[in-house]
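Visitor: Please find one structure pasted underneath; my questions will follow.
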Protein chains: 2
Amino acid sequence: MFSPHAIGFVRSPYTQTNDIPKGLGARHEAEGVLEILPEFEPGLTDIDGFSHLFVLWIFDRSQGFDLFGKPPIDDRPHGVFATRSPRRPNPIGLTVVELLRREGSRLHVRGVDMLDGTPILDLKPYLSSISPDKLRRGWIAEAETRAKA
Amino acid sequence: MFSPHAIGFVRSPYTQTNDIPKGLGARHEAEGVLEILPEFEPGLTDIDGFSHLFVLWIFDRSQGFDLFGKPPIDDRPHGVFATRSPRRPNPIGLTVVELLRREGSRLHVRGVDMLDGTPILDLKPYLSSISPDKLRRGWIAEAETRAKA
């Protein structure tokens with residue numbers, strides 16, 4: 001195993017969980033900044049060429065986990081690995097953001113859904129997509145259908 | 001911070017790093033099994049409805065990190081956060097797999113690029129894709145262009 005440590009922190013407009021848009025069709029268009037610690041700045045070399053990044057981060061204001069529970073966007077319980085719940089066995093979050101511009105060790109991005117001050121674990125380039133016609137979206141698609149009915 | 005712990009292990013045809021297809025255009029079509037530990041099985045409820053999953057895992061056979069280095073698929077060095085190098089400040093890997101079928105706590109998947117026995121940290125549903133016409137792929141696209149020239 002390893003000891004996780006922050007490579008930086010998220011600057012986000014959201015200071016409380018309730019501020020973050022949730023629910024079916026919630027869009028994450030908020031802009032924010034990924035402030036990478038100066039000692040890791042060399043690791044950002046060439047990142048500017050990518051339009052989208054995976055951000056791995058810590059749910060640092062969540063404690064414990066539930067293997068089975070009701071997400072905010074459905075009235076039925078689901079397994080935690082079929083949801084984006086913060087209450088996970090390893091409290092790691094994953095967000096795809098659009099990279100708008102880089103200023104040194106500050107990455108201006110669109111699409112943050114993290115709280116302000118969230119510790120960042122890793123950044124990776126987003127290289128390819130699964131074609132939407134090949135995607136099945138399980139209970140999320142079913143809940144959307146029920147919501148429209 | 002938190003202490004990472006395995007929720008399961010990857011069964012993969014790859015036992016050595018050199019077995020894993022690398023390079024431009026490498027395809028990851030290998031089938032494998034995500035063996036989730038029995039105590040976490042309730043967390044898999046409803047996961048069967050999703051065609052694709054994000055798998056977060058540990059580069060457990062990698063030590064230390066390089067902020068700047070030459071990936072196998074290019075002759076030019078790049079920052080670690082612009083690559084999928086295993087030698088990262090937090091040695092976490094991310095792979096998108098196709099879920100073929102579930103047998104209890106065993107998920108049969110396509111697209112493994114991990115070594116056999118790799119510890120799994122988390123599974124998340126893959127919900128949406130960035131449209132390919134909106135993706136810029138930086139040095140990877142440039143290296144592909146050079147390789148074709």
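Letters A, B, ... mark the chains of the structure tokens in the order given; residue numbers begin at 1 per chain; ligand numbers begin at 1, in order shown.
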Near Val55 in chain B, counting only C-alpha atoms, which residues have an atom at most 7 Å away, once you skip same-chain residues fewer than 6 positions from it, shown as a list in words?

Guide: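 Listed by chain and then number, they are Leu94, Thr95, Val96, Asp122, Leu123 and Lys124 of chain B.
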
Visitor: Filtering to C-alpha atoms, could you give me those residues as a PDB file, in the first residue's frame?

Guide:
```pdb
ATOM      1  CA  LEU B  94      -7.265   4.274 -13.698  1.00  0.00           C
ATOM      2  CA  THR B  95      -8.680   1.937 -16.319  1.00  0.00           C
ATOM      3  CA  VAL B  96     -12.008   1.921 -18.140  1.00  0.00           C
ATOM      4  CA  ASP B 122     -12.575   1.504  -6.134  1.00  0.00           C
ATOM      5  CA  LEU B 123     -15.122   0.920  -8.887  1.00  0.00           C
ATOM      6  CA  LYS B 124     -17.347   3.636 -10.295  1.00  0.00           C
TER       7      LYS B 124
END
```

Visitor: Find the residues of chain A in contact range of chain B, meaning any atom within 7 Å when counting only C-alpha atoms, and list them as a PyMOL selection string.

Guide: chain A and resi 1+3-5+40+42-47+49-52+60+67-68+78-84+90+121-125+127+129-130+132+135-139

Visitor: Any idea what the distance is between CA of Val109 in chain B and CA of Leu34 in chain B?

Guide: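 Interatomic distance here is 7.3 Å.
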
Visitor: Name the residues of range 5-149 of chain A that fall into strand (DSSP E or B) according to DSSP on the backbone, using the chain letters and numbers of this document, as a ChimeraX atom specification.

Guide: /A:8-11,31-36,50,52-58,68-69,78-79,92-103,106-110,119-125,137

Visitor: To one decimal in Å, tell me the separation between CA of Asp19 in chain B and CA of Pro72 in chain B.

Guide: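 CA of Pro72 in chain B lies 13.5 Å from CA of Asp19 in chain B.
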
Visitor: Determine, counting only C-alpha atoms, which protein, DNA and RNA residues have an atom within 9 Å of an atom of Pro13 in chain B; residues of the same chain fewer than 4 positions away are not included. Present the result as a PyMOL selection string.

Guide: chain B and resi 19-20+30-32+112+114-116

Visitor: Using only C-alpha atoms, which of the listed residues (A:Val33, A:Arg27, A:Arg102, A:Ala143) sits closest to Arg11 in chain A?

Guide: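 Among the listed residues, A:Val33 lies closest to Arg11 in chain A.
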